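Listing of data-v6.pdb, PDB, C-alpha atoms
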ATOM      1  CA  MET A   1      14.909  20.778   5.134
ATOM      2  CA  THR A   2      11.323  20.539   3.891
ATOM      3  CA  CYS A   3       9.533  17.495   5.295
ATOM      4  CA  LEU A   4       6.253  16.366   3.789
ATOM      5  CA  ALA A   5       4.102  13.265   3.631
ATOM      6  CA  ILE A   6       2.580  12.027   0.393
ATOM      7  CA  ASP A   7      -0.092   9.516  -0.557
ATOM      8  CA  PHE A   8      -1.382   8.368  -3.943
ATOM      9  CA  GLU A   9      -4.556   6.567  -4.953
ATOM     10  CA  THR A  10      -4.514   4.621  -8.223
ATOM     11  CA  ALA A  11      -7.213   3.804 -10.747
ATOM     12  CA  ASN A  12      -6.101   0.222 -11.339
ATOM     13  CA  GLU A  13      -3.218  -2.177 -10.752
ATOM     14  CA  ARG A  14      -0.708  -0.093 -12.759
ATOM     15  CA  ARG A  15       1.657   2.163 -10.849
ATOM     16  CA  ASP A  16       1.262   4.906 -13.483
ATOM     17  CA  SER A  17      -2.523   5.164 -12.961
ATOM     18  CA  ALA A  18      -2.523   7.770 -10.177
ATOM     19  CA  CYS A  19      -5.972   9.325  -9.797
ATOM     20  CA  ALA A  20      -5.407  11.349  -6.609
ATOM     21  CA  VAL A  21      -2.547  12.735  -4.553
ATOM     22  CA  GLY A  22      -2.469  14.106  -1.037
ATOM     23  CA  LEU A  23       0.347  15.953   0.727
ATOM     24  CA  ALA A  24       0.958  17.206   4.257
ATOM     25  CA  TRP A  25       3.841  19.511   5.227
ATOM     26  CA  ILE A  26       5.543  19.300   8.625
ATOM     27  CA  GLU A  27       7.215  22.262  10.279
ATOM     28  CA  GLY A  28       8.012  22.966  13.912
ATOM     29  CA  GLY A  29       6.708  19.604  15.083
ATOM     30  CA  ARG A  30       3.245  19.896  13.547
ATOM     31  CA  VAL A  31       1.377  19.690  10.254
ATOM     32  CA  VAL A  32       1.256  23.207   8.813
ATOM     33  CA  ARG A  33      -0.229  22.630   5.355
ATOM     34  CA  ARG A  34      -2.409  20.059   3.610
ATOM     35  CA  GLU A  35      -3.233  19.705  -0.078
ATOM     36  CA  SER A  36      -5.088  17.160  -2.189
ATOM     37  CA  ARG A  37      -5.758  16.933  -5.923
ATOM     38  CA  LEU A  38      -7.607  14.625  -8.272
ATOM     39  CA  ILE A  39      -5.605  13.445 -11.297
ATOM     40  CA  ARG A  40      -6.696  12.226 -14.721
ATOM     41  CA  PRO A  41      -4.763   8.975 -15.332
ATOM     42  CA  PRO A  42      -3.437   8.153 -18.822
ATOM     43  CA  GLU A  43      -6.425   5.859 -19.410
ATOM     44  CA  LEU A  44      -9.776   6.026 -17.650
ATOM     45  CA  ARG A  45      -9.712   2.355 -16.702
ATOM     46  CA  PHE A  46     -10.784   1.996 -13.082
ATOM     47  CA  SER A  47     -10.724  -1.430 -11.447
ATOM     48  CA  PRO A  48     -13.780  -2.154  -9.270
ATOM     49  CA  GLY A  49     -11.514  -3.113  -6.374
ATOM     50  CA  ASN A  50      -9.743   0.241  -6.505
ATOM     51  CA  ILE A  51     -13.047   2.100  -6.655
ATOM     52  CA  ARG A  52     -14.248   0.230  -3.578
ATOM     53  CA  VAL A  53     -11.132   1.361  -1.724
ATOM     54  CA  HIS A  54     -11.095   5.085  -2.541
ATOM     55  CA  GLY A  55     -14.508   5.793  -4.099
ATOM     56  CA  ILE A  56     -13.085   7.746  -7.049
ATOM     57  CA  LEU A  57     -14.929   7.219 -10.357
ATOM     58  CA  PRO A  58     -13.845   7.951 -13.947
ATOM     59  CA  ALA A  59     -16.369  10.793 -14.073
ATOM     60  CA  ASP A  60     -14.644  12.444 -11.099
ATOM     61  CA  VAL A  61     -11.328  12.825 -12.942
ATOM     62  CA  ARG A  62     -12.365  13.077 -16.576
ATOM     63  CA  ASP A  63     -11.911  16.861 -16.633
ATOM     64  CA  LYS A  64      -8.943  17.032 -14.233
ATOM     65  CA  SER A  65      -5.343  17.745 -15.171
ATOM     66  CA  ALA A  66      -2.842  15.006 -15.961
ATOM     67  CA  PHE A  67      -0.086  13.960 -13.570
ATOM     68  CA  PRO A  68       2.698  16.365 -14.676
ATOM     69  CA  GLU A  69       0.451  19.412 -14.447
ATOM     70  CA  VAL A  70      -0.940  18.434 -11.050
ATOM     71  CA  MET A  71       2.468  17.681  -9.568
ATOM     72  CA  ALA A  72       4.310  20.691 -11.025
ATOM     73  CA  GLU A  73       3.608  22.898  -7.988
ATOM     74  CA  PHE A  74       4.769  20.204  -5.547
ATOM     75  CA  LEU A  75       7.871  18.775  -7.235
ATOM     76  CA  PRO A  76      10.268  21.486  -5.986
ATOM     77  CA  ASP A  77       9.435  20.662  -2.359
ATOM     78  CA  LEU A  78       9.608  16.932  -3.061
ATOM     79  CA  GLU A  79      13.030  17.211  -4.718
ATOM     80  CA  ARG A  80      14.693  19.214  -1.963
ATOM     81  CA  GLY A  81      12.834  17.707   0.980
ATOM     82  CA  LEU A  82      12.426  14.519   2.952
ATOM     83  CA  ILE A  83       9.351  12.598   1.832
ATOM     84  CA  LEU A  84       7.266  10.435   4.153
ATOM     85  CA  ALA A  85       4.893   7.748   2.933
ATOM     86  CA  HIS A  86       3.199   4.745   4.522
ATOM     87  CA  ASN A  87       4.447   1.765   2.501
ATOM     88  CA  ALA A  88       6.748   4.203   0.718
ATOM     89  CA  PRO A  89       7.940   1.863  -2.082
ATOM     90  CA  PHE A  90       4.398   1.893  -3.455
ATOM     91  CA  ASP A  91       3.961   5.682  -3.410
ATOM     92  CA  MET A  92       7.470   6.346  -4.694
ATOM     93  CA  GLY A  93       6.847   3.785  -7.407
ATOM     94  CA  VAL A  94       3.672   5.646  -8.423
ATOM     95  CA  LEU A  95       5.575   8.943  -8.468
ATOM     96  CA  ARG A  96       8.392   7.614 -10.634
ATOM     97  CA  ALA A  97       6.213   5.508 -12.943
ATOM     98  CA  SER A  98       3.729   8.334 -13.537
ATOM     99  CA  LEU A  99       6.452  10.846 -14.413
ATOM    100  CA  ALA A 100       8.120   8.323 -16.716
ATOM    101  CA  ALA A 101       4.790   7.472 -18.383
ATOM    102  CA  HIS A 102       4.456  11.115 -19.412
ATOM    103  CA  GLY A 103       8.040  11.299 -20.625
ATOM    104  CA  ARG A 104       9.076  13.591 -17.793
ATOM    105  CA  PRO A 105      12.473  13.338 -16.083
ATOM    106  CA  VAL A 106      12.425  11.578 -12.735
ATOM    107  CA  PRO A 107      14.344  13.663 -10.154
ATOM    108  CA  ALA A 108      16.212  12.276  -7.169
ATOM    109  CA  PHE A 109      14.084  11.792  -4.075
ATOM    110  CA  SER A 110      14.845  11.018  -0.421
ATOM    111  CA  TYR A 111      12.240   9.293   1.696
ATOM    112  CA  LEU A 112      11.421   7.488   4.923
ATOM    113  CA  CYS A 113       8.708   4.846   5.191
ATOM    114  CA  THR A 114       6.349   5.388   8.130
ATOM    115  CA  LEU A 115       5.215   1.760   7.856
ATOM    116  CA  GLN A 116       8.763   0.709   8.756
ATOM    117  CA  ILE A 117       8.913   3.428  11.424
ATOM    118  CA  ALA A 118       5.647   2.177  12.961
ATOM    119  CA  ARG A 119       6.901  -1.406  13.020
ATOM    120  CA  ARG A 120       9.887  -0.271  15.069
ATOM    121  CA  VAL A 121       8.220   2.287  17.337
ATOM    122  CA  PHE A 122       4.600   1.067  17.590
ATOM    123  CA  PRO A 123       4.721  -2.710  16.963
ATOM    124  CA  ASP A 124       1.497  -4.633  17.392
ATOM    125  CA  PRO A 125       0.382  -8.174  16.456
ATOM    126  CA  ALA A 126      -2.622  -6.649  14.674
ATOM    127  CA  GLY A 127      -0.295  -5.096  12.102
ATOM    128  CA  CYS A 128       0.896  -1.623  11.209
ATOM    129  CA  GLY A 129      -1.332  -0.605   8.319
ATOM    130  CA  LEU A 130      -2.086   3.102   8.195
ATOM    131  CA  GLY A 131      -5.588   2.795   9.634
ATOM    132  CA  LYS A 132      -4.498   0.416  12.381
ATOM    133  CA  VAL A 133      -1.608   2.582  13.574
ATOM    134  CA  ALA A 134      -3.655   5.777  13.371
ATOM    135  CA  GLY A 135      -6.432   4.136  15.366
ATOM    136  CA  ARG A 136      -4.060   3.042  18.110
ATOM    137  CA  LEU A 137      -2.569   6.552  18.290
ATOM    138  CA  GLY A 138      -5.938   8.313  18.289
ATOM    139  CA  ILE A 139      -5.360  10.034  14.933
ATOM    140  CA  ARG A 140      -8.734  10.846  13.393
ATOM    141  CA  PHE A 141      -8.898  10.789   9.597
ATOM    142  CA  GLU A 142     -10.885   9.454   6.634
ATOM    143  CA  HIS A 143      -8.947   6.442   5.364
ATOM    144  CA  HIS A 144      -8.252   6.141   1.606
ATOM    145  CA  ASP A 145      -8.760   9.827   0.942
ATOM    146  CA  ALA A 146      -5.316  10.824  -0.358
ATOM    147  CA  GLY A 147      -5.156  14.096   1.564
ATOM    148  CA  GLU A 148      -6.364  12.468   4.779
ATOM    149  CA  ASP A 149      -3.951   9.558   4.395
ATOM    150  CA  ALA A 150      -1.022  11.949   3.906
ATOM    151  CA  TYR A 151      -2.067  13.806   7.064
ATOM    152  CA  ALA A 152      -2.263  10.540   9.049
ATOM    153  CA  CYS A 153       1.155   9.523   7.726
ATOM    154  CA  ALA A 154       2.643  12.826   8.894
ATOM    155  CA  GLU A 155       1.021  12.499  12.320
ATOM    156  CA  ILE A 156       2.387   8.961  12.734
ATOM    157  CA  ALA A 157       5.893  10.290  12.037
ATOM    158  CA  LEU A 158       5.407  13.099  14.560
ATOM    159  CA  ALA A 159       4.136  10.607  17.154
ATOM    160  CA  ALA A 160       7.272   8.523  16.562
ATOM    161  CA  VAL A 161       9.429  11.620  17.072
ATOM    162  CA  ARG A 162       7.759  12.254  20.434
ATOM    163  CA  GLU A 163       7.984   8.604  21.451
ATOM    164  CA  THR A 164      11.682   8.257  20.619
ATOM    165  CA  GLY A 165      12.829  11.755  21.514
ATOM    166  CA  ALA A 166      14.368  12.031  18.042
ATOM    167  CA  GLY A 167      13.975  15.831  17.966
ATOM    168  CA  ASP A 168      12.585  15.929  14.433
ATOM    169  CA  VAL A 169      11.497  13.592  11.646
ATOM    170  CA  ALA A 170      14.944  13.457  10.067
ATOM    171  CA  GLY A 171      16.292  12.427  13.471
ATOM    172  CA  LEU A 172      14.227   9.238  13.371
ATOM    173  CA  ALA A 173      16.671   7.824  10.839
ATOM    174  CA  ARG A 174      19.466   8.192  13.385
ATOM    175  CA  VAL A 175      17.560   7.069  16.472
ATOM    176  CA  LEU A 176      15.861   3.922  15.168
ATOM    177  CA  PRO A 177      18.233   3.480  13.180
ATOM    178  CA  MET A 178      17.017   3.251   9.604
ATOM    179  CA  PRO A 179      18.701   4.894   6.613
ATOM    180  CA  VAL A 180      17.001   7.511   4.509
ATOM    181  CA  THR A 181      16.423   5.919   1.095
ATOM    182  CA  ARG A 182      17.683   8.005  -1.779
ATOM    183  CA  LEU A 183      16.472   7.261  -5.277
ATOM    184  CA  ALA A 184      18.748   8.513  -8.037
ATOM    185  CA  PRO A 185      17.281  10.391 -11.022
ATOM    186  CA  GLY A 186      16.634   8.480 -14.191
ATOM    187  CA  PRO A 187      14.006   6.372 -15.958
ATOM    188  CA  ASP A 188      11.481   4.455 -13.918
ATOM    189  CA  ARG A 189      12.781   1.105 -12.727
ATOM    190  CA  PRO A 190      12.261  -1.219  -9.736
ATOM    191  CA  PRO A 191      13.424   0.166  -6.365
ATOM    192  CA  PRO A 192      17.064  -0.499  -5.463
ATOM    193  CA  ALA A 193      17.982  -3.627  -3.539
ATOM    194  CA  ARG A 194      16.677  -3.406   0.015
ATOM    195  CA  GLU A 195      14.996  -5.663   2.542
ATOM    196  CA  GLY A 196      12.636  -8.125   0.889
ATOM    197  CA  VAL A 197      13.953  -7.968  -2.681
ATOM    198  CA  SER A 198      15.121 -11.592  -2.577
ATOM    199  CA  GLY A 199      11.656 -12.645  -1.395
ATOM    200  CA  ARG A 200       9.983 -10.733  -4.219
ATOM    201  CA  ALA A 201      12.397 -12.250  -6.726
ATOM    202  CA  LEU A 202      11.572 -15.748  -5.498
ATOM    203  CA  PHE A 203       7.864 -15.004  -5.723
ATOM    204  CA  ALA A 204       8.299 -13.608  -9.269
ATOM    205  CA  ALA A 205      10.086 -16.796 -10.306
ATOM    206  CA  ARG A 206       7.232 -18.898  -8.915
ATOM    207  CA  ARG A 207       4.680 -16.762 -10.708
ATOM    208  CA  ALA A 208       6.526 -17.240 -13.998
ATOM    209  CA  ARG A 209       6.068 -21.016 -13.607
ATOM    210  CA  GLN A 210       2.468 -21.004 -12.415
ATOM    211  CA  ALA A 211      -0.537 -21.806 -14.578
ATOM    212  CA  PRO A 212      -2.268 -18.801 -16.217
ATOM    213  CA  ASN A 213      -5.335 -19.063 -13.957
ATOM    214  CA  GLU A 214      -3.409 -19.766 -10.750
ATOM    215  CA  ILE A 215      -3.572 -17.085  -8.061
ATOM    216  CA  ARG A 216      -0.835 -16.577  -5.480
ATOM    217  CA  PHE A 217      -0.011 -13.688  -3.155
ATOM    218  CA  MET A 218       2.978 -12.831  -1.006
ATOM    219  CA  ILE A 219       1.962 -11.162   2.256
ATOM    220  CA  ARG A 220       4.095  -9.439   4.849
ATOM    221  CA  GLY A 221       3.237 -10.687   8.342
ATOM    222  CA  SER A 222       3.037  -8.530  11.455
ATOM    223  CA  THR A 223       6.619  -9.451  12.421
ATOM    224  CA  GLY A 224       8.016  -8.889   8.928
ATOM    225  CA  ASN A 225       7.974 -12.542   7.829
ATOM    226  CA  ARG A 226       6.679 -13.308   4.347
ATOM    227  CA  TYR A 227       3.860 -15.757   3.736
ATOM    228  CA  GLU A 228       2.337 -17.113   0.566
ATOM    229  CA  VAL A 229      -1.428 -17.333   0.096
ATOM    230  CA  ALA A 230      -2.389 -19.611  -2.793
ATOM    231  CA  LEU A 231      -5.825 -20.350  -4.208
ATOM    232  CA  GLU A 232      -6.794 -23.998  -4.640
ATOM    233  CA  GLU A 233     -10.024 -25.453  -6.039
ATOM    234  CA  LYS A 234     -11.543 -28.171  -3.849
ATOM    235  CA  PRO A 235     -14.744 -30.230  -4.253
ATOM    236  CA  PHE A 236     -16.546 -27.903  -1.821
ATOM    237  CA  GLY A 237     -15.323 -24.731  -3.542
ATOM    238  CA  LEU A 238     -12.334 -22.455  -3.100
ATOM    239  CA  TYR A 239      -9.579 -23.065  -0.568
ATOM    240  CA  LEU A 240      -7.057 -20.379   0.332
ATOM    241  CA  ARG A 241      -3.883 -21.984   1.645
ATOM    242  CA  CYS A 242      -1.461 -19.832   3.633
ATOM    243  CA  SER A 243       2.117 -20.808   4.486
ATOM    244  CA  CYS A 244       1.919 -19.271   7.985
ATOM    245  CA  MET A 245       1.633 -21.477  11.076
ATOM    246  CA  ALA A 246      -2.153 -21.081  11.280
ATOM    247  CA  GLY A 247      -2.475 -21.929   7.598
ATOM    248  CA  ARG A 248      -0.319 -25.020   7.946
ATOM    249  CA  ASN A 249      -2.756 -26.138  10.658
ATOM    250  CA  ARG A 250      -5.663 -25.480   8.280
ATOM    251  CA  ARG A 251      -6.941 -22.524  10.288
ATOM    252  CA  ARG A 252      -8.114 -19.240   8.824
ATOM    253  CA  CYS A 253      -5.514 -16.490   9.274
ATOM    254  CA  ARG A 254      -5.467 -12.718   8.867
ATOM    255  CA  HIS A 255      -3.470 -13.060   5.629
ATOM    256  CA  VAL A 256      -6.343 -14.967   4.017
ATOM    257  CA  ASP A 257      -8.844 -12.498   5.515
ATOM    258  CA  ALA A 258      -6.932  -9.610   3.948
ATOM    259  CA  MET A 259      -7.030 -11.100   0.438
ATOM    260  CA  VAL A 260     -10.724 -11.980   0.705
ATOM    261  CA  ASP A 261     -11.495  -8.459   1.967
ATOM    262  CA  GLY A 262      -9.332  -6.792  -0.705
ATOM    263  CA  ASP A 263      -6.992  -5.290   1.913
ATOM    264  CA  VAL A 264      -3.641  -4.816   0.112
ATOM    265  CA  THR A 265      -1.890  -3.030   2.994
ATOM    266  CA  ASP A 266       0.631  -5.843   3.477
ATOM    267  CA  LEU A 267       0.615  -7.240  -0.069
ATOM    268  CA  ILE A 268       4.233  -7.192  -1.261
ATOM    269  CA  SER A 269       3.846  -9.226  -4.451
ATOM    270  CA  ALA A 270       2.105  -6.187  -6.060
ATOM    271  CA  ASN A 271      -0.322  -8.375  -8.089
ATOM    272  CA  HIS A 272      -3.320  -6.195  -7.273
ATOM    273  CA  ALA A 273      -5.192  -7.449 -10.343
ATOM    274  CA  ASP A 274      -5.280 -10.935  -8.801
ATOM    275  CA  VAL A 275      -7.006  -9.523  -5.706
ATOM    276  CA  GLU A 276      -9.804  -8.380  -7.985
ATOM    277  CA  ARG A 277      -9.796 -11.743  -9.785
ATOM    278  CA  LEU A 278     -10.201 -13.493  -6.446
ATOM    279  CA  ARG A 279     -13.155 -11.266  -5.532
ATOM    280  CA  ARG A 280     -14.885 -12.051  -8.833
ATOM    281  CA  LEU A 281     -14.324 -15.789  -8.380
ATOM    282  CA  ILE A 282     -15.849 -15.711  -4.907
ATOM    283  CA  GLU A 283     -18.807 -13.544  -5.931
ATOM    284  CA  GLY A 284     -19.474 -15.639  -9.037
ATOM    285  CA  ALA A 285     -19.349 -19.000  -7.275
ATOM    286  CA  PRO A 286     -22.523 -21.143  -7.322
ATOM    287  CA  ALA A 287     -24.914 -21.532  -4.399
ATOM    288  CA  GLY A 288     -23.537 -23.729  -1.648
ATOM    289  CA  HIS A 289     -19.970 -22.728  -2.446
ATOM    290  CA  ARG A 290     -17.625 -22.313   0.519
ATOM    291  CA  VAL A 291     -14.423 -20.383   1.002
ATOM    292  CA  GLU A 292     -12.167 -22.283   3.370
ATOM    293  CA  PRO A 293     -10.658 -22.093   5.834
ATOM    294  CA  GLU A 294     -13.822 -20.466   7.177
ATOM    295  CA  ARG A 295     -13.544 -17.074   8.810
ATOM    296  CA  VAL A 296     -13.398 -17.276  12.590
ATOM    297  CA  ARG A 297     -16.554 -15.818  14.093
ATOM    298  CA  ARG A 298     -15.717 -14.197  17.400
ATOM    299  CA  VAL A 299     -18.645 -14.025  19.810
ATOM    300  CA  GLN A 300     -18.674 -10.811  21.817
ATOM    301  CA  ALA A 301     -18.933 -11.269  25.557
ATOM    302  CA  ALA A 302     -22.335 -10.269  26.928
TER     303      ALA A 302
END

Represent the structure from my file as structure tokens, please.
Amino acid sequence: MTCLAIDFETANERRDSACAVGLAWIEGGRVVRRESRLIRPPELRFSPGNIRVHGILPADVRDKSAFPEVMAEFLPDLERGLILAHNAPFDMGVLRASLAAHGRPVPAFSYLCTLQIARRVFPDPAGCGLGKVAGRLGIRFEHHDAGEDAYACAEIALAAVRETGAGDVAGLARVLPMPVTRLAPGPDRPPPAREGVSGRALFAARRARQAPNEIRFMIRGSTGNRYEVALEEKPFGLYLRCSCMAGRNRRRCRHVDAMVDGDVTDLISANHADVERLRRLIEGAPAGHRVEPERVRRVQAA
């Protein structure tokens, strides 16, 4: 069975706005091939937050091929292989939504999520984002370059194979255990019911009732719990309230830090546009404005 890791970068908050793809093939316990391509999205609308993450500009992709043409050489391997991705529902969502946006049939795919693998094999209170796991494992790569991210994803899976004695990547599903997710062919639609769907549904219901200018995020914590970060306006400025224990005690937490920094690694509510809205609100605030709870300043020991 072909085993390959994939990573997409997007131009904006839409899943069908892929602007880059990276792939890394695994064979014989090592990465044997790496590819990366720039993609021209359906519209050249790039959100500033996305540009800050990956550095890709509209001018970089203006003359590149569209999604179906770029992916044509890779789809056969993807269809008959086992796909790896870090936070796989996002990347698989981009794959399906982008094919559907161009009126192309969406084949069946089978995948494993290396984020879930890392949480089982390499748990850490600091979290299991791609950069964090790679750093702990000594994997050197340039984060948010699609080709580099795919390579890091593949290396994380191989490290998990060695750690668990699974034999190969497919064996991880049996050893951990965690089922291989299989998406049936058809039009683009939300992923099938799995862990966390009820939480997302609850969050969606809350969002439907919230005021137009209200900003709320659902964040996955380091242990898998879900926390809500909500923006409130106070006399001193903006207050980001988190439902985690630290937030309930009015202390700054890593979930608030992530939203202020634009880190969407553990954002499961998928409202990436609100991350950019939050950034603009903070940057456009008047002099003397404060964002609370204040970020903890850790003094390095001399």

With 7 Å as the cut-off and all atoms listed in the file counted, what is the closest atom pair between each nearby residue of segment 67-136 of chain A and segment 4-9 of chain A? Distances in Å to one decimal, ordered by chain and number, as a tab-separated table.
residue	atom	partner	partner_atom	distance
A:Leu82	CA	A:Leu4	CA	6.5
A:Ile83	CA	A:Leu4	CA	5.3
A:Leu84	CA	A:Ala5	CA	4.3
A:Ala85	CA	A:Ile6	CA	5.5
A:Asp91	CA	A:Phe8	CA	6.0

File of the preceding selection, C-alpha atoms, as a PDB file, in the frame of the given file:
ATOM      1  CA  LEU A  82      12.426  14.519   2.952  1.00  0.00           C
ATOM      2  CA  ILE A  83       9.351  12.598   1.832  1.00  0.00           C
ATOM      3  CA  LEU A  84       7.266  10.435   4.153  1.00  0.00           C
ATOM      4  CA  ALA A  85       4.893   7.748   2.933  1.00  0.00           C
ATOM      5  CA  ASP A  91       3.961   5.682  -3.410  1.00  0.00           C
TER       6      ASP A  91
END

I'd like to see the residues matched by the PyMOL selection byres ((chain A and resi 220) around 9) on this file, and ideally I'd get them as an MDAnalysis selection string.
chainID A and resid 218:219 221:228 255 265:268

Quick one: which residues end up in the PyMOL selection byres ((chain A and resi 38) around 8) for this structure, as a ChimeraX atom specification?
/A:19-21,36-37,39-40,60-61,64-65

Pick from A:Val106, A:Val94, A:Val133, A:Leu231 nearest to Leu183 of chain A, counting all atoms listed in the file
A:Val106

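Note that the spacing between atom CA of Asp124 of chain A and atom CA of Asn50 of chain A amounts to 26.9 Å.
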
Selection dump of the PyMOL selection byres ((chain A and resi 126-132) around 12), as JSON, numbers by chain:
{"A": [7, 85, 86, 87, 88, 113, 114, 115, 116, 117, 118, 119, 120, 121, 122, 123, 124, 125, 133, 134, 135, 136, 137, 138, 139, 140, 141, 142, 143, 144, 145, 146, 148, 149, 150, 151, 152, 153, 154, 155, 156, 157, 219, 220, 221, 222, 223, 224, 225, 253, 254, 255, 258, 263, 264, 265, 266, 267]}

Using only C-alpha atoms, the best pick from A:Ala273, A:Arg15, A:Glu163, A:Glu69 as closest to Met92 of chain A would be A:Arg15

Would you mind listing what lies within 9 Å of Val180 of chain A as a ChimeraX atom specification, with all atoms listed in the file counted and same-chain residues fewer than 4 positions away left out?
/A:82,110-113,170,173

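Of the listed residues (A:Cys3, A:Ala66, A:Met245, A:Thr181), A:Cys3 comes nearest to Val31 of chain A; the distances count all atoms listed in the file.
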
Between atom CA of Leu281 of chain A and atom CA of Ile51 of chain A lies a distance of 18.0 Å

Quick one: residues within 10 Å of Glu27 of chain A, all atoms listed in the file, excluding same-chain residues fewer than 2 positions away - as a compact mmCIF listing (two decimals) with C-alpha atoms, in the coordinates of the input?
# COMPACT_ATOMS: atom_id res chain seq x y z
CA MET A 1 14.91 20.78 5.13
CA THR A 2 11.32 20.54 3.89
CA CYS A 3 9.53 17.50 5.30
CA LEU A 4 6.25 16.37 3.79
CA TRP A 25 3.84 19.51 5.23
CA GLY A 29 6.71 19.60 15.08
CA ARG A 30 3.24 19.90 13.55
CA VAL A 31 1.38 19.69 10.25
CA VAL A 32 1.26 23.21 8.81
CA ARG A 33 -0.23 22.63 5.36
CA ASP A 168 12.58 15.93 14.43
CA VAL A 169 11.50 13.59 11.65

What does the distance between atom CA of Glu35 of chain A and atom CA of Pro48 of chain A come to in Å, to one decimal place?
26.0 Å
